[in-house]
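So this block is protein-v3.txt, compact mmCIF, N, CA, C and O atoms:
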# COMPACT_ATOMS: atom_id res chain seq x y z
N GLY A 403 -10.94 8.45 13.33
CA GLY A 403 -10.48 7.57 12.26
C GLY A 403 -11.62 7.17 11.36
O GLY A 403 -12.79 7.32 11.68
N GLU A 404 -11.27 6.68 10.25
CA GLU A 404 -12.25 6.27 9.25
C GLU A 404 -12.51 4.78 9.39
O GLU A 404 -11.60 3.98 9.46
N ALA A 405 -13.77 4.42 9.45
CA ALA A 405 -14.13 3.00 9.54
C ALA A 405 -13.99 2.38 8.15
O ALA A 405 -14.24 3.03 7.14
N GLY A 406 -13.57 1.15 8.12
CA GLY A 406 -13.46 0.48 6.82
C GLY A 406 -13.09 -0.96 7.01
O GLY A 406 -12.76 -1.42 8.10
N LEU A 407 -13.15 -1.69 5.93
CA LEU A 407 -12.84 -3.11 5.93
C LEU A 407 -11.32 -3.29 5.90
O LEU A 407 -10.66 -2.81 4.99
N ALA A 408 -10.77 -3.97 6.90
CA ALA A 408 -9.34 -4.28 6.88
C ALA A 408 -9.10 -5.40 5.88
O ALA A 408 -9.86 -6.36 5.83
N VAL A 409 -8.09 -5.25 5.07
CA VAL A 409 -7.83 -6.19 4.00
C VAL A 409 -6.83 -7.25 4.44
O VAL A 409 -5.77 -6.92 4.95
N PRO A 410 -7.18 -8.55 4.29
CA PRO A 410 -6.22 -9.61 4.62
C PRO A 410 -5.19 -9.74 3.51
O PRO A 410 -5.40 -10.45 2.53
N PHE A 411 -4.07 -9.03 3.65
CA PHE A 411 -3.07 -8.98 2.59
C PHE A 411 -2.57 -10.35 2.17
O PHE A 411 -2.35 -10.60 0.99
N ASP A 412 -2.36 -11.25 3.14
CA ASP A 412 -1.83 -12.56 2.77
C ASP A 412 -2.76 -13.26 1.80
O ASP A 412 -2.33 -13.87 0.82
N LEU A 413 -4.07 -13.13 2.00
CA LEU A 413 -5.04 -13.75 1.10
C LEU A 413 -5.01 -13.10 -0.28
O LEU A 413 -5.01 -13.78 -1.30
N ILE A 414 -4.93 -11.77 -0.31
CA ILE A 414 -4.91 -11.08 -1.60
C ILE A 414 -3.66 -11.47 -2.40
O ILE A 414 -3.75 -11.78 -3.58
N PHE A 415 -2.49 -11.48 -1.74
CA PHE A 415 -1.28 -11.87 -2.46
C PHE A 415 -1.38 -13.31 -2.95
O PHE A 415 -0.96 -13.62 -4.06
N GLU A 416 -1.97 -14.19 -2.13
CA GLU A 416 -2.11 -15.58 -2.54
C GLU A 416 -3.02 -15.68 -3.77
O GLU A 416 -2.71 -16.40 -4.71
N LEU A 417 -4.10 -14.93 -3.76
CA LEU A 417 -5.02 -14.93 -4.90
C LEU A 417 -4.36 -14.35 -6.15
O LEU A 417 -4.69 -14.75 -7.26
N MET A 418 -3.42 -13.43 -5.96
CA MET A 418 -2.70 -12.85 -7.10
C MET A 418 -1.54 -13.74 -7.54
O MET A 418 -0.81 -13.41 -8.45
N GLY A 419 -1.36 -14.87 -6.85
CA GLY A 419 -0.32 -15.81 -7.24
C GLY A 419 1.06 -15.51 -6.69
O GLY A 419 2.05 -16.00 -7.19
N THR A 420 1.12 -14.68 -5.66
CA THR A 420 2.40 -14.32 -5.06
C THR A 420 2.55 -15.09 -3.75
O THR A 420 1.76 -14.93 -2.84
N LYS A 421 3.56 -15.94 -3.67
CA LYS A 421 3.80 -16.71 -2.45
C LYS A 421 4.54 -15.86 -1.43
O LYS A 421 5.51 -15.19 -1.77
N LEU A 422 4.09 -15.90 -0.19
CA LEU A 422 4.69 -15.08 0.86
C LEU A 422 4.98 -15.92 2.09
O LEU A 422 4.28 -16.87 2.38
N LYS A 423 6.00 -15.52 2.83
CA LYS A 423 6.24 -16.10 4.14
C LYS A 423 5.23 -15.49 5.11
O LYS A 423 4.80 -14.37 4.91
N THR A 424 4.89 -16.22 6.14
CA THR A 424 3.94 -15.72 7.13
C THR A 424 4.39 -14.37 7.67
O THR A 424 5.55 -14.20 8.03
N GLY A 425 3.46 -13.41 7.71
CA GLY A 425 3.75 -12.11 8.30
C GLY A 425 4.43 -11.11 7.37
O GLY A 425 4.69 -10.00 7.77
N SER A 426 4.71 -11.50 6.14
CA SER A 426 5.44 -10.60 5.26
C SER A 426 4.53 -9.83 4.30
O SER A 426 5.01 -8.98 3.56
N ALA A 427 3.24 -10.11 4.31
CA ALA A 427 2.33 -9.49 3.33
C ALA A 427 2.29 -7.97 3.45
O ALA A 427 2.37 -7.27 2.44
N GLN A 428 2.18 -7.46 4.68
CA GLN A 428 2.12 -6.01 4.85
C GLN A 428 3.43 -5.36 4.42
O GLN A 428 3.42 -4.30 3.79
N ARG A 429 4.57 -5.99 4.75
CA ARG A 429 5.86 -5.45 4.33
C ARG A 429 5.98 -5.43 2.82
O ARG A 429 6.44 -4.45 2.24
N LYS A 430 5.57 -6.51 2.17
CA LYS A 430 5.66 -6.59 0.71
C LYS A 430 4.78 -5.53 0.06
O LYS A 430 5.20 -4.86 -0.88
N PHE A 431 3.57 -5.35 0.59
CA PHE A 431 2.68 -4.32 0.07
C PHE A 431 3.31 -2.94 0.22
O PHE A 431 3.34 -2.14 -0.72
N GLY A 432 3.86 -2.67 1.41
CA GLY A 432 4.49 -1.37 1.67
C GLY A 432 5.67 -1.11 0.76
O GLY A 432 5.84 0.00 0.24
N GLN A 433 6.48 -2.13 0.53
CA GLN A 433 7.64 -1.99 -0.36
C GLN A 433 7.18 -1.70 -1.78
O GLN A 433 7.80 -0.89 -2.49
N ARG A 434 6.08 -2.33 -2.19
CA ARG A 434 5.54 -2.10 -3.54
C ARG A 434 5.05 -0.66 -3.67
O ARG A 434 5.32 0.01 -4.67
N VAL A 435 4.33 -0.19 -2.66
CA VAL A 435 3.84 1.20 -2.68
C VAL A 435 5.02 2.16 -2.76
O VAL A 435 5.03 3.09 -3.58
N GLN A 436 6.04 1.92 -1.94
CA GLN A 436 7.22 2.79 -1.94
C GLN A 436 7.90 2.80 -3.31
O GLN A 436 8.24 3.86 -3.84
N LYS A 437 8.11 1.63 -3.89
CA LYS A 437 8.77 1.52 -5.20
C LYS A 437 7.99 2.31 -6.26
O LYS A 437 8.57 3.09 -7.02
N LEU A 438 6.68 2.11 -6.30
CA LEU A 438 5.86 2.79 -7.30
C LEU A 438 5.83 4.30 -7.07
O LEU A 438 5.88 5.08 -8.02
N ARG A 439 5.78 4.70 -5.80
CA ARG A 439 5.78 6.13 -5.48
C ARG A 439 7.07 6.79 -5.95
O ARG A 439 7.05 7.85 -6.60
N ILE A 440 8.19 6.16 -5.66
CA ILE A 440 9.50 6.71 -6.05
C ILE A 440 9.64 6.75 -7.56
O ILE A 440 10.12 7.74 -8.12
N GLU A 441 9.19 5.70 -8.23
CA GLU A 441 9.25 5.67 -9.71
C GLU A 441 8.48 6.84 -10.31
O GLU A 441 8.82 7.30 -11.40
N ARG A 442 7.46 7.30 -9.61
CA ARG A 442 6.64 8.40 -10.13
C ARG A 442 7.12 9.77 -9.64
O ARG A 442 6.49 10.78 -9.90
N GLY A 443 8.25 9.77 -8.92
CA GLY A 443 8.82 11.03 -8.46
C GLY A 443 8.00 11.70 -7.37
O GLY A 443 8.07 12.92 -7.21
N MET A 444 7.24 10.92 -6.63
CA MET A 444 6.40 11.47 -5.56
C MET A 444 7.11 11.32 -4.21
O MET A 444 7.79 10.33 -3.98
N THR A 445 6.90 12.29 -3.32
CA THR A 445 7.36 12.16 -1.95
C THR A 445 6.29 11.43 -1.15
O THR A 445 5.15 11.30 -1.60
N GLN A 446 6.65 11.00 0.07
CA GLN A 446 5.63 10.42 0.95
C GLN A 446 4.53 11.44 1.20
O GLN A 446 3.35 11.08 1.26
N GLU A 447 4.91 12.69 1.35
CA GLU A 447 3.92 13.73 1.59
C GLU A 447 2.97 13.90 0.40
O GLU A 447 1.77 14.07 0.58
N ASP A 448 3.51 13.83 -0.83
CA ASP A 448 2.67 13.91 -2.03
C ASP A 448 1.61 12.81 -2.01
O ASP A 448 0.43 13.05 -2.25
N LEU A 449 2.06 11.59 -1.74
CA LEU A 449 1.13 10.45 -1.75
C LEU A 449 0.15 10.55 -0.59
O LEU A 449 -1.04 10.31 -0.76
N ALA A 450 0.64 10.94 0.58
CA ALA A 450 -0.24 11.09 1.75
C ALA A 450 -1.34 12.10 1.45
O ALA A 450 -2.52 11.85 1.75
N ASP A 451 -0.98 13.24 0.86
CA ASP A 451 -1.97 14.26 0.52
C ASP A 451 -2.99 13.71 -0.48
O ASP A 451 -4.19 13.97 -0.36
N ALA A 452 -2.52 12.94 -1.45
CA ALA A 452 -3.40 12.40 -2.49
C ALA A 452 -4.40 11.39 -1.93
O ALA A 452 -5.51 11.27 -2.46
N ILE A 453 -4.01 10.68 -0.87
CA ILE A 453 -4.92 9.67 -0.32
C ILE A 453 -5.63 10.13 0.95
O ILE A 453 -6.45 9.42 1.50
N GLY A 454 -5.30 11.35 1.40
CA GLY A 454 -6.00 11.93 2.53
C GLY A 454 -5.58 11.42 3.89
O GLY A 454 -6.41 11.26 4.79
N VAL A 455 -4.27 11.14 4.03
CA VAL A 455 -3.75 10.72 5.33
C VAL A 455 -2.53 11.58 5.68
O VAL A 455 -1.98 12.28 4.85
N ASP A 456 -2.11 11.49 6.94
CA ASP A 456 -0.91 12.17 7.40
C ASP A 456 0.32 11.49 6.80
O ASP A 456 0.31 10.28 6.58
N ARG A 457 1.40 12.24 6.59
CA ARG A 457 2.61 11.66 6.01
C ARG A 457 3.15 10.52 6.87
O ARG A 457 3.64 9.52 6.36
N SER A 458 3.04 10.66 8.19
CA SER A 458 3.54 9.60 9.06
C SER A 458 2.77 8.30 8.85
O SER A 458 3.36 7.22 8.88
N TYR A 459 1.46 8.40 8.61
CA TYR A 459 0.65 7.20 8.35
C TYR A 459 1.09 6.55 7.04
O TYR A 459 1.20 5.33 6.95
N GLU A 460 1.35 7.37 6.03
CA GLU A 460 1.84 6.85 4.74
C GLU A 460 3.17 6.12 4.97
O GLU A 460 3.42 5.05 4.40
N GLY A 461 4.03 6.65 5.82
CA GLY A 461 5.28 5.98 6.15
C GLY A 461 5.04 4.64 6.83
O GLY A 461 5.74 3.66 6.55
N PHE A 462 4.06 4.59 7.73
CA PHE A 462 3.71 3.32 8.38
C PHE A 462 3.27 2.28 7.34
O PHE A 462 3.63 1.11 7.44
N ILE A 463 2.50 2.71 6.36
CA ILE A 463 2.06 1.79 5.29
C ILE A 463 3.28 1.24 4.57
O ILE A 463 3.40 0.02 4.36
N GLU A 464 4.20 2.13 4.17
CA GLU A 464 5.38 1.70 3.41
C GLU A 464 6.29 0.78 4.21
O GLU A 464 6.96 -0.07 3.64
N ARG A 465 6.31 0.93 5.52
CA ARG A 465 7.13 0.06 6.36
C ARG A 465 6.40 -1.20 6.79
O ARG A 465 6.95 -2.03 7.53
N GLY A 466 5.16 -1.36 6.33
CA GLY A 466 4.40 -2.55 6.68
C GLY A 466 3.89 -2.55 8.10
O GLY A 466 3.61 -3.61 8.67
N GLN A 467 3.75 -1.36 8.68
CA GLN A 467 3.31 -1.25 10.07
C GLN A 467 1.83 -0.90 10.20
O GLN A 467 1.32 -0.81 11.30
N ARG A 468 1.16 -0.68 9.09
CA ARG A 468 -0.27 -0.41 9.09
C ARG A 468 -0.91 -1.22 7.97
O ARG A 468 -0.33 -1.43 6.92
N ASN A 469 -2.14 -1.64 8.22
CA ASN A 469 -2.92 -2.41 7.26
C ASN A 469 -4.02 -1.50 6.73
O ASN A 469 -5.06 -1.36 7.37
N PRO A 470 -3.81 -0.82 5.60
CA PRO A 470 -4.80 0.16 5.13
C PRO A 470 -6.12 -0.50 4.73
O PRO A 470 -6.15 -1.67 4.35
N THR A 471 -7.18 0.29 4.83
CA THR A 471 -8.50 -0.19 4.42
C THR A 471 -8.55 -0.32 2.90
O THR A 471 -7.72 0.23 2.17
N LEU A 472 -9.57 -1.02 2.43
CA LEU A 472 -9.77 -1.17 0.99
C LEU A 472 -9.94 0.20 0.33
O LEU A 472 -9.43 0.44 -0.77
N ASP A 473 -10.62 1.11 1.02
CA ASP A 473 -10.79 2.46 0.51
C ASP A 473 -9.43 3.15 0.30
O ASP A 473 -9.19 3.78 -0.73
N LYS A 474 -8.53 3.00 1.28
CA LYS A 474 -7.20 3.61 1.16
C LYS A 474 -6.40 2.96 0.03
O LYS A 474 -5.68 3.63 -0.70
N ILE A 475 -6.51 1.64 -0.10
CA ILE A 475 -5.81 0.94 -1.18
C ILE A 475 -6.27 1.47 -2.53
O ILE A 475 -5.45 1.73 -3.42
N THR A 476 -7.57 1.67 -2.67
CA THR A 476 -8.12 2.21 -3.92
C THR A 476 -7.57 3.61 -4.18
O THR A 476 -7.19 3.94 -5.31
N LYS A 477 -7.49 4.43 -3.14
CA LYS A 477 -6.96 5.80 -3.28
C LYS A 477 -5.47 5.78 -3.61
O LYS A 477 -5.00 6.60 -4.42
N ILE A 478 -4.71 4.87 -3.01
CA ILE A 478 -3.28 4.74 -3.32
C ILE A 478 -3.11 4.40 -4.78
O ILE A 478 -2.31 5.01 -5.50
N ALA A 479 -3.88 3.41 -5.26
CA ALA A 479 -3.77 3.00 -6.66
C ALA A 479 -4.11 4.15 -7.60
O ALA A 479 -3.40 4.39 -8.57
N LYS A 480 -5.17 4.89 -7.28
CA LYS A 480 -5.57 6.03 -8.12
C LYS A 480 -4.47 7.09 -8.14
O LYS A 480 -4.13 7.62 -9.21
N ALA A 481 -3.90 7.38 -6.98
CA ALA A 481 -2.83 8.39 -6.89
C ALA A 481 -1.61 7.97 -7.69
O ALA A 481 -0.91 8.81 -8.27
N LEU A 482 -1.35 6.65 -7.74
CA LEU A 482 -0.20 6.13 -8.48
C LEU A 482 -0.54 5.82 -9.94
O LEU A 482 0.31 5.35 -10.69
N LYS A 483 -1.81 6.04 -10.29
CA LYS A 483 -2.31 5.84 -11.66
C LYS A 483 -2.15 4.39 -12.13
O LYS A 483 -1.69 4.13 -13.25
N ILE A 484 -2.55 3.47 -11.25
CA ILE A 484 -2.53 2.05 -11.59
C ILE A 484 -3.80 1.41 -11.03
O ILE A 484 -4.53 2.03 -10.26
N SER A 485 -4.06 0.15 -11.41
CA SER A 485 -5.19 -0.57 -10.84
C SER A 485 -4.82 -1.04 -9.43
O SER A 485 -3.64 -1.21 -9.11
N SER A 486 -5.83 -1.26 -8.60
CA SER A 486 -5.57 -1.77 -7.25
C SER A 486 -4.82 -3.09 -7.31
O SER A 486 -3.92 -3.33 -6.50
N GLY A 487 -5.17 -3.93 -8.26
CA GLY A 487 -4.49 -5.23 -8.40
C GLY A 487 -3.00 -5.11 -8.63
O GLY A 487 -2.24 -5.96 -8.19
N GLU A 488 -2.59 -4.05 -9.32
CA GLU A 488 -1.17 -3.85 -9.60
C GLU A 488 -0.35 -3.64 -8.32
O GLU A 488 0.85 -3.89 -8.31
N LEU A 489 -1.01 -3.19 -7.26
CA LEU A 489 -0.32 -3.00 -5.99
C LEU A 489 0.08 -4.33 -5.37
O LEU A 489 0.94 -4.36 -4.49
N PHE A 490 -0.51 -5.41 -5.81
CA PHE A 490 -0.28 -6.71 -5.19
C PHE A 490 0.55 -7.65 -6.08
O PHE A 490 0.57 -8.84 -5.88
N LYS A 491 1.25 -7.11 -7.05
CA LYS A 491 2.08 -7.92 -7.94
C LYS A 491 3.47 -8.08 -7.37
O LYS A 491 3.95 -7.25 -6.65

As structure tokens, please, write out the structure in this file.
Amino acid sequence: GEAGLAVPFDLIFELMGTKLKTGSAQRKFGQRVQKLRIERGMTQEDLADAIGVDRSYEGFIERGQRNPTLDKITKIAKALKISSGELFK
């Protein structure tokens, strides 16, 4: 696995002005990634390939079951052609 800084999603969403219930930050992030991916006509496999992970891992991210590193978040944003901050709106 790749070493990296785990991102405290609840803090990032709070800083972006998005109020969340406890434990929902990863789910909200995953739903946002899924929505943006679908809007761009990408499959989970397309996005997984673009960020350098297995499709199953990309699925875990979208279901809020994995907390991606800051590096992965940056790669997701680049693949979706948006800023990293846009992932947290």

Item to complete: Mind giving me the straight-line distance from atom N of A:Asp456 to atom O of A:Arg429 in Å, one decimal?
Response: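 Computed distance, atom N of A:Asp456 to atom O of A:Arg429, equals 18.7 Å.
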
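For the atom pair formed by atom CA of A:Leu482 and atom CA of A:Glu460, the distance is 13.4 Å, given to one decimal.
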
Discussion item. For a test of reading the model, state the distance in Å between atom O of A:Leu472 and atom O of A:Ser485, rounded to one decimal.
Written reply: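 Value for the atom O of A:Leu472-atom O of A:Ser485 distance: 10.3 Å.
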
Worksheet item: Excluding same-chain residues fewer than 6 positions from A:Asp448, what lies within 8 Å of it counting all atoms listed in the file, as number ranges by chain?
Response: A: 454-455, 457, 481

Practice prompt. Name all residues at most 7 Å from A:Gln433 (count only N, CA, C and O atoms; drop same-chain ones fewer than 5 positions away) and give them as a PyMOL selection string.
Written response: chain A and resi 427-428+438-439+463-466

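Residues in contact range of stretch 487-489 of chain A, defined as at most 6 Å between only N, CA, C and O atoms, with sequence neighbours fewer than 6 positions away removed, read Lys430, Phe431, Arg434 and Val435 of chain A.
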